[in-house]
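> This is the content of query_23.tsv (TSV, C-alpha atoms and all ligand atoms):
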```tsv
chain	number	residue	atom	x	y	z
A	1	MET	CA	-4.49	-30.34	-1.72
A	2	ALA	CA	-4.96	-26.69	-0.78
A	3	ILE	CA	-3.82	-23.63	-2.67
A	4	LEU	CA	-2.40	-21.29	-0.04
A	5	ILE	CA	-2.66	-17.53	-0.40
A	6	THR	CA	-0.29	-16.08	2.17
A	7	GLY	CA	1.74	-13.00	3.06
A	8	THR	CA	2.08	-10.36	5.74
A	9	PRO	CA	-1.26	-9.15	7.22
A	10	GLY	CA	-2.61	-6.36	5.00
A	11	VAL	CA	-1.08	-7.45	1.67
A	12	GLY	CA	-4.47	-8.53	0.27
A	13	LYS	CA	-4.70	-12.28	1.09
A	14	THR	CA	-8.43	-12.34	1.99
A	15	THR	CA	-9.45	-10.13	-0.94
A	16	ILE	CA	-7.58	-12.30	-3.42
A	17	ALA	CA	-8.34	-15.69	-1.84
A	18	ARG	CA	-12.08	-15.04	-1.67
A	19	LEU	CA	-12.20	-13.89	-5.29
A	20	LEU	CA	-10.06	-16.80	-6.45
A	21	ALA	CA	-12.41	-19.22	-4.65
A	22	GLU	CA	-15.39	-17.57	-6.33
A	23	ARG	CA	-13.75	-17.75	-9.78
A	24	THR	CA	-12.64	-21.37	-9.42
A	25	GLY	CA	-15.63	-22.69	-7.46
A	26	LYS	CA	-13.23	-23.99	-4.81
A	27	LYS	CA	-13.96	-23.74	-1.08
A	28	TYR	CA	-12.48	-20.68	0.68
A	29	ILE	CA	-11.00	-21.34	4.14
A	30	ASP	CA	-10.15	-18.43	6.45
A	31	PHE	CA	-7.65	-20.07	8.80
A	32	ALA	CA	-8.10	-17.36	11.47
A	33	GLU	CA	-11.81	-18.27	11.66
A	34	VAL	CA	-10.96	-21.97	12.00
A	35	VAL	CA	-8.54	-21.17	14.84
A	36	LYS	CA	-11.21	-19.16	16.68
A	37	ASN	CA	-14.10	-21.56	16.09
A	38	GLU	CA	-12.14	-24.72	16.92
A	39	ARG	CA	-10.21	-23.06	19.77
A	40	LEU	CA	-6.88	-24.01	18.21
A	41	TYR	CA	-5.14	-21.34	20.24
A	42	ALA	CA	-3.04	-21.38	23.38
A	43	ALA	CA	-3.73	-17.76	24.35
A	44	TYR	CA	-5.39	-14.53	23.24
A	45	ASP	CA	-3.61	-11.15	23.23
A	46	PRO	CA	-6.23	-8.43	23.85
A	47	GLU	CA	-3.73	-5.65	23.10
A	48	THR	CA	-3.24	-6.79	19.52
A	49	ASN	CA	-6.57	-8.69	19.28
A	50	SER	CA	-4.69	-11.76	18.10
A	51	TYR	CA	-4.53	-15.42	19.04
A	52	VAL	CA	-1.42	-17.43	19.89
A	53	VAL	CA	-2.06	-20.51	17.77
A	54	ASN	CA	-1.31	-23.99	19.12
A	55	LEU	CA	0.69	-25.11	16.08
A	56	ASP	CA	0.54	-28.86	16.76
A	57	ARG	CA	-3.24	-28.88	17.28
A	58	ALA	CA	-3.76	-26.59	14.30
A	59	ARG	CA	-1.62	-28.76	12.05
A	60	SER	CA	-3.43	-31.97	12.97
A	61	TYR	CA	-6.85	-30.32	12.67
A	62	MET	CA	-6.00	-28.95	9.21
A	63	GLU	CA	-4.65	-32.39	8.24
A	64	GLN	CA	-8.23	-33.69	8.70
A	65	LEU	CA	-9.98	-30.63	7.28
A	66	LEU	CA	-8.10	-30.15	4.02
A	67	SER	CA	-9.26	-32.52	1.29
A	68	CYS	CA	-9.31	-31.40	-2.34
A	69	GLU	CA	-8.28	-28.01	-3.71
A	70	GLU	CA	-9.45	-25.48	-1.15
A	71	ILE	CA	-8.22	-21.90	-1.27
A	72	LEU	CA	-6.59	-21.29	2.10
A	73	ASP	CA	-6.01	-17.78	3.52
A	74	THR	CA	-3.43	-17.35	6.27
A	75	HIS	CA	-0.06	-15.76	7.06
A	76	LEU	CA	0.74	-18.59	9.49
A	77	VAL	CA	2.33	-21.12	7.13
A	78	GLU	CA	3.95	-23.04	10.00
A	79	ALA	CA	0.50	-24.01	11.33
A	80	LEU	CA	-0.32	-26.00	8.19
A	81	PRO	CA	0.39	-29.65	7.26
A	82	PRO	CA	2.95	-29.32	4.42
A	83	ASP	CA	1.71	-32.45	2.59
A	84	LYS	CA	-1.77	-30.89	2.26
A	85	VAL	CA	-0.59	-27.71	0.51
A	86	SER	CA	0.07	-28.00	-3.23
A	87	VAL	CA	0.99	-24.38	-4.03
A	88	ALA	CA	1.79	-21.35	-1.86
A	89	ILE	CA	1.38	-17.90	-3.39
A	90	VAL	CA	3.15	-15.31	-1.20
A	91	LEU	CA	1.69	-11.88	-1.84
A	92	ARG	CA	4.18	-9.03	-1.35
A	93	LEU	CA	3.51	-5.32	-0.95
A	94	ASP	CA	5.66	-2.20	-0.72
A	95	PRO	CA	6.05	-1.56	3.04
A	96	LEU	CA	4.91	2.05	2.74
A	97	VAL	CA	1.66	0.98	1.07
A	98	LEU	CA	1.29	-1.75	3.68
A	99	ARG	CA	1.75	0.82	6.44
A	100	GLU	CA	-1.08	2.93	5.03
A	101	ARG	CA	-3.39	-0.08	4.95
A	102	LEU	CA	-2.54	-1.14	8.50
A	103	ASN	CA	-2.98	2.44	9.72
A	104	LYS	CA	-6.45	2.45	8.13
A	105	ARG	CA	-7.20	-0.75	10.06
A	106	GLY	CA	-6.38	1.12	13.25
A	107	TYR	CA	-3.64	-1.33	14.24
A	108	PRO	CA	-1.60	-0.25	17.29
A	109	SER	CA	1.80	1.23	16.42
A	110	ARG	CA	3.68	-1.85	17.72
A	111	LYS	CA	1.65	-4.21	15.50
A	112	ILE	CA	2.21	-1.96	12.46
A	113	ARG	CA	5.96	-1.92	13.09
A	114	GLU	CA	6.09	-5.69	13.53
A	115	ASN	CA	4.22	-6.30	10.30
A	116	ILE	CA	6.26	-3.81	8.30
A	117	GLU	CA	9.51	-5.34	9.60
A	118	SER	CA	8.18	-8.78	8.77
A	119	GLU	CA	7.43	-7.68	5.17
A	120	ILE	CA	10.84	-6.00	4.77
A	121	LEU	CA	12.60	-9.10	6.12
A	122	ASP	CA	10.68	-11.58	3.87
A	123	ALA	CA	9.41	-13.40	6.99
A	124	VAL	CA	6.38	-15.11	5.42
A	125	LEU	CA	8.29	-16.00	2.23
A	126	ILE	CA	11.05	-17.63	4.27
A	127	SER	CA	8.51	-19.48	6.42
A	128	ALA	CA	6.75	-20.78	3.29
A	129	ILE	CA	10.01	-22.02	1.77
A	130	GLU	CA	11.17	-23.61	5.05
A	131	ASN	CA	7.82	-25.29	5.80
A	132	LEU	CA	6.64	-26.27	2.32
A	133	GLY	CA	9.75	-26.46	0.15
A	134	GLU	CA	10.75	-23.89	-2.49
A	135	GLU	CA	9.26	-25.90	-5.36
A	136	LYS	CA	5.73	-25.15	-4.03
A	137	VAL	CA	6.34	-21.42	-3.39
A	138	PHE	CA	5.66	-18.48	-5.68
A	139	GLU	CA	5.97	-14.75	-4.92
A	140	VAL	CA	3.79	-12.01	-6.41
A	141	ASP	CA	4.59	-8.32	-5.86
A	142	THR	CA	1.08	-6.81	-5.71
A	143	THR	CA	2.29	-3.21	-5.41
A	144	GLY	CA	0.35	-1.01	-7.85
A	145	LYS	CA	-1.51	-3.99	-9.34
A	146	THR	CA	-5.29	-4.23	-9.52
A	147	ILE	CA	-7.08	-7.20	-8.00
A	148	ALA	CA	-7.86	-8.45	-11.53
A	149	GLU	CA	-4.15	-8.29	-12.49
A	150	ILE	CA	-3.18	-10.27	-9.39
A	151	ILE	CA	-5.83	-12.93	-10.04
A	152	GLU	CA	-4.55	-13.20	-13.65
A	153	ILE	CA	-0.97	-13.76	-12.42
A	154	ILE	CA	-2.12	-16.41	-9.93
A	155	THR	CA	-4.10	-18.12	-12.68
A	156	GLN	CA	-0.90	-18.27	-14.77
A	157	ILE	CA	0.97	-19.77	-11.81
A	158	LEU	CA	-1.75	-22.38	-11.25
A	159	ASN	CA	-1.55	-23.21	-14.97
A	160	LYS	CA	2.09	-24.16	-14.46
A	161	ASN	CA	3.27	-20.89	-15.96
A	162	GLY	CA	4.81	-19.33	-12.90
A	163	LYS	CA	8.53	-19.30	-13.63
A	164	LEU	CA	8.53	-15.49	-13.52
A	165	TYR	CA	7.13	-15.66	-9.99
A	166	LYS	CA	9.61	-17.92	-8.23
A	167	PRO	CA	10.96	-16.42	-4.97
A	168	GLY	CA	13.79	-13.90	-4.95
A	169	ARG	CA	12.67	-10.99	-7.13
A	170	VAL	CA	11.27	-8.83	-4.30
A	171	ASP	CA	13.81	-7.03	-2.12
A	172	TRP	CA	12.49	-4.38	0.27
A	173	LEU	CA	15.53	-4.49	2.59
A	174	GLU	CA	17.84	-2.35	0.47
A	175	LYS	CA	15.19	0.35	0.05
A	176	TYR	CA	13.62	0.25	3.54
A	177	TYR	CA	16.26	-1.00	6.00
A	178	PHE	CA	15.96	2.36	7.85
A	179	LEU	CA	12.34	1.52	8.73
A	180	ILE	CA	13.45	-1.44	10.87
A	181	GLY	CA	12.99	-0.65	14.55
A	182	LYS	CA	11.07	2.57	13.96
A	183	GLU	CA	7.90	2.80	16.08
A	184	GLY	CA	4.97	2.13	13.75
A	185	GLY	CA	7.30	2.22	10.76
A	186	ILE	CA	7.28	6.02	10.94
A	187	ILE	CA	9.89	7.66	8.73
B	1	LIG	N1	-4.75	-5.10	-5.28
B	1	LIG	C1	-5.27	-4.25	-4.38
B	1	LIG	N2	-5.30	-2.93	-4.68
B	1	LIG	C2	-5.79	-2.05	-3.77
B	1	LIG	N3	-6.26	-2.38	-2.55
B	1	LIG	C3	-6.24	-3.69	-2.21
B	1	LIG	C4	-5.75	-4.69	-3.09
B	1	LIG	N4	-5.87	-5.90	-2.47
B	1	LIG	C5	-6.40	-5.66	-1.25
B	1	LIG	N5	-6.64	-4.33	-1.10
B	1	LIG	C6	-7.17	-3.67	0.10
B	1	LIG	O1	-6.18	-3.80	1.11
B	1	LIG	C7	-6.81	-4.02	2.39
B	1	LIG	C8	-6.30	-5.31	3.00
B	1	LIG	O2	-6.75	-6.38	2.19
B	1	LIG	P1	-7.03	-7.83	2.88
B	1	LIG	O3	-7.48	-8.73	1.79
B	1	LIG	O4	-7.89	-7.66	4.08
B	1	LIG	O5	-5.54	-8.20	3.36
B	1	LIG	P2	-5.05	-9.44	4.27
B	1	LIG	O6	-6.08	-10.51	4.19
B	1	LIG	O7	-3.72	-9.84	3.67
B	1	LIG	O8	-4.89	-8.89	5.66
B	1	LIG	C9	-8.31	-4.04	2.14
B	1	LIG	O9	-8.81	-2.73	2.41
B	1	LIG	C10	-8.41	-4.34	0.66
B	1	LIG	O10	-9.58	-3.77	0.09
```
Would you put the structure from the file into structure tokens?

Amino acid sequence: MAILITGTPGVGKTTIARLLAERTGKKYIDFAEVVKNERLYAAYDPETNSYVVNLDRARSYMEQLLSCEEILDTHLVEALPPDKVSVAIVLRLDPLVLRERLNKRGYPSRKIRENIESEILDAVLISAIENLGEEKVFEVDTTGKTIAEIIEIITQILNKNGKLYKPGRVDWLEKYYFLIGKEGGII
């Protein structure tokens, strides 16, 4: 069963998932790479350099691929077979910090806005709960935390010590509702 590291693009999924795989000796799977290599997409959007994933094909492919405890890195929870995911760790990040990171990546303004709105509106958290069931889902606010601190928290969660990290403690909406709809999340 896979351990899923998920969250809005830019929150630190790949950084954390790769390190966690190294520390635990488990296999790291970058879902975006699998989608590209196995052509599990229905279309490609050159403007945002992103793929429109064929969810049914992706789900059945991952059903075959996932075996023991891989560390899986993706924001697209709905493309995964729920019975093959044991734990989902949703990384959260203050939208203003996220905006800086996505700016550094050179994302177009529209893509930055979409991702910031998605983080403010808990989109990935809700998708994880809806697709996997709340009992499998944990939420870690990574704002201001070092990579080592985040890995330590995830280790606690994996050691069945995650009650402090059940969903519901992060609320960006109250603080950042005014960012919704702004081009590129510009204040
Ligand atoms: N805890 C952290 N503290 C500071 N910077 C981080 C942290 N985690 C990730 N980063 C940085 O944030 C950027 C995005 O991280 P990445 O792992 O690529 O995110 P994602 O896979 O969610 O898109 C990278 O430049 C990475 O070095």
> Please, which residues in chain A fall within 9 Å of ligand LIG 1 (chain B) when counting all atoms listed in the file, and what is the closest atom pair and distance in Å to one decimal for each, ordered by chain then residue number, as a Markdown table?

```
| residue | atom | partner | partner_atom | distance |
| --- | --- | --- | --- | --- |
| A:Ile5 | CA | B:LIG1 | O7 | 8.8 |
| A:Thr6 | CA | B:LIG1 | O7 | 7.3 |
| A:Gly7 | CA | B:LIG1 | O7 | 6.3 |
| A:Thr8 | CA | B:LIG1 | O7 | 6.2 |
| A:Pro9 | CA | B:LIG1 | O8 | 4.0 |
| A:Gly10 | CA | B:LIG1 | O8 | 3.5 |
| A:Val11 | CA | B:LIG1 | O7 | 4.1 |
| A:Gly12 | CA | B:LIG1 | O5 | 3.3 |
| A:Lys13 | CA | B:LIG1 | O7 | 3.7 |
| A:Thr14 | CA | B:LIG1 | O6 | 3.7 |
| A:Thr15 | CA | B:LIG1 | O3 | 3.6 |
| A:Ile16 | CA | B:LIG1 | O3 | 6.3 |
| A:Ala17 | CA | B:LIG1 | O3 | 7.9 |
| A:Arg18 | CA | B:LIG1 | O3 | 8.5 |
| A:Asp73 | CA | B:LIG1 | O6 | 7.3 |
| A:Thr74 | CA | B:LIG1 | O6 | 7.6 |
| A:His75 | CA | B:LIG1 | O7 | 7.7 |
| A:Leu91 | CA | B:LIG1 | O7 | 8.0 |
| A:Leu98 | CA | B:LIG1 | O1 | 8.2 |
| A:Arg101 | CA | B:LIG1 | C7 | 5.8 |
| A:Leu102 | CA | B:LIG1 | C8 | 7.9 |
| A:Lys104 | CA | B:LIG1 | O9 | 8.1 |
| A:Arg105 | CA | B:LIG1 | O9 | 8.1 |
| A:Thr142 | CA | B:LIG1 | N1 | 6.1 |
| A:Thr143 | CA | B:LIG1 | N1 | 7.3 |
| A:Gly144 | CA | B:LIG1 | N2 | 6.8 |
| A:Lys145 | CA | B:LIG1 | N1 | 5.3 |
| A:Thr146 | CA | B:LIG1 | N1 | 4.4 |
| A:Ile147 | CA | B:LIG1 | N1 | 4.2 |
| A:Ala148 | CA | B:LIG1 | N1 | 7.7 |
| A:Glu149 | CA | B:LIG1 | N1 | 7.9 |
| A:Ile150 | CA | B:LIG1 | N1 | 6.8 |
```
> Export, as a compact mmCIF listing (two decimals), in the coordinates of the input, the selected residues with C-alpha atoms.

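This went into part-v1.txt:
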```
# COMPACT_ATOMS: atom_id res chain seq x y z
CA ILE A 5 -2.66 -17.53 -0.40
CA THR A 6 -0.29 -16.08 2.17
CA GLY A 7 1.74 -13.00 3.06
CA THR A 8 2.08 -10.36 5.74
CA PRO A 9 -1.26 -9.15 7.22
CA GLY A 10 -2.61 -6.36 5.00
CA VAL A 11 -1.08 -7.45 1.67
CA GLY A 12 -4.47 -8.53 0.27
CA LYS A 13 -4.70 -12.28 1.09
CA THR A 14 -8.43 -12.34 1.99
CA THR A 15 -9.45 -10.13 -0.94
CA ILE A 16 -7.58 -12.30 -3.42
CA ALA A 17 -8.34 -15.69 -1.84
CA ARG A 18 -12.08 -15.04 -1.67
CA ASP A 73 -6.01 -17.78 3.52
CA THR A 74 -3.43 -17.35 6.27
CA HIS A 75 -0.06 -15.76 7.06
CA LEU A 91 1.69 -11.88 -1.84
CA LEU A 98 1.29 -1.75 3.68
CA ARG A 101 -3.39 -0.08 4.95
CA LEU A 102 -2.54 -1.14 8.50
CA LYS A 104 -6.45 2.45 8.13
CA ARG A 105 -7.20 -0.75 10.06
CA THR A 142 1.08 -6.81 -5.71
CA THR A 143 2.29 -3.21 -5.41
CA GLY A 144 0.35 -1.01 -7.85
CA LYS A 145 -1.51 -3.99 -9.34
CA THR A 146 -5.29 -4.23 -9.52
CA ILE A 147 -7.08 -7.20 -8.00
CA ALA A 148 -7.86 -8.45 -11.53
CA GLU A 149 -4.15 -8.29 -12.49
CA ILE A 150 -3.18 -10.27 -9.39
```
> CA of Phe178 (chain A) and CA of Val137 (chain A), how far apart in Å?
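Taking CA of Val137 (chain A) and CA of Phe178 (chain A), their separation equals 28.0 Å.
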> Of the residues A:Lys27, A:Lys175, A:Lys36, A:Arg99, which is the one nearest to Glu114 (chain A), using all atoms listed in the file?
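Ranking A:Lys27, A:Lys175, A:Lys36, A:Arg99 by distance to Glu114 (chain A), first place goes to A:Arg99.
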> Within 10 Å of (8.6, -23.9, -4.1), only C-alpha atoms: residues as a list in words?
Ser86, Val87, Ala88, Ile89, Ala128, Ile129, Glu130, Leu132, Gly133, Glu134, Glu135, Lys136, Val137, Phe138, Glu139, Lys166 and Pro167 of chain A
> Compare A:Glu152, A:Glu38, A:Glu33, A:Glu47 by their minimum atom-to-atom distance to Pro108 (chain A), counting only C-alpha atoms, and give me the closest one.
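Looking only at the distances to Pro108 (chain A), the closest residue turns out to be A:Glu47.
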> Could you tell me which of A:Leu125, A:Ile154, A:Ala79, A:Ile29 comes closest to Tyr41 (chain A) if we count only C-alpha atoms?
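Comparing A:Leu125, A:Ile154, A:Ala79, A:Ile29 against Tyr41 (chain A), the winner is A:Ala79.
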> Can you measure CA of Ser50 (chain A) to CA of Leu179 (chain A) for me? One decimal in Å is fine.
23.5 Å
> Rounded to one decimal in Å, what is the spacing between CA of Asn131 (chain A) and CA of Ala58 (chain A)?
14.4 Å
> Restrict the calculation to only C-alpha atoms, then for each residue of region 62-139 of chain A with any atom at most 6 Å from an atom of region 1-4 of chain A give the closest atom pair and their distance in Å to one decimal, rows by chain and rising residue number, as CSV.

```
residue,atom,partner,partner_atom,distance
A:Cys68,CA,A:Met1,CA,5.0
A:Glu69,CA,A:Ala2,CA,4.6
A:Glu70,CA,A:Ala2,CA,4.7
A:Ile71,CA,A:Ile3,CA,4.9
A:Leu72,CA,A:Leu4,CA,4.7
A:Lys84,CA,A:Met1,CA,4.9
A:Val85,CA,A:Ala2,CA,4.7
A:Ser86,CA,A:Met1,CA,5.3
A:Val87,CA,A:Ile3,CA,5.1
A:Ala88,CA,A:Leu4,CA,4.6
```
> Which residue, A:Pro81, A:Gly25, A:Gly106, A:Pro95, has the smallest gap to Asn49 (chain A) when you use only C-alpha atoms?
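For Asn49 (chain A), the nearest of the candidates is A:Gly106.
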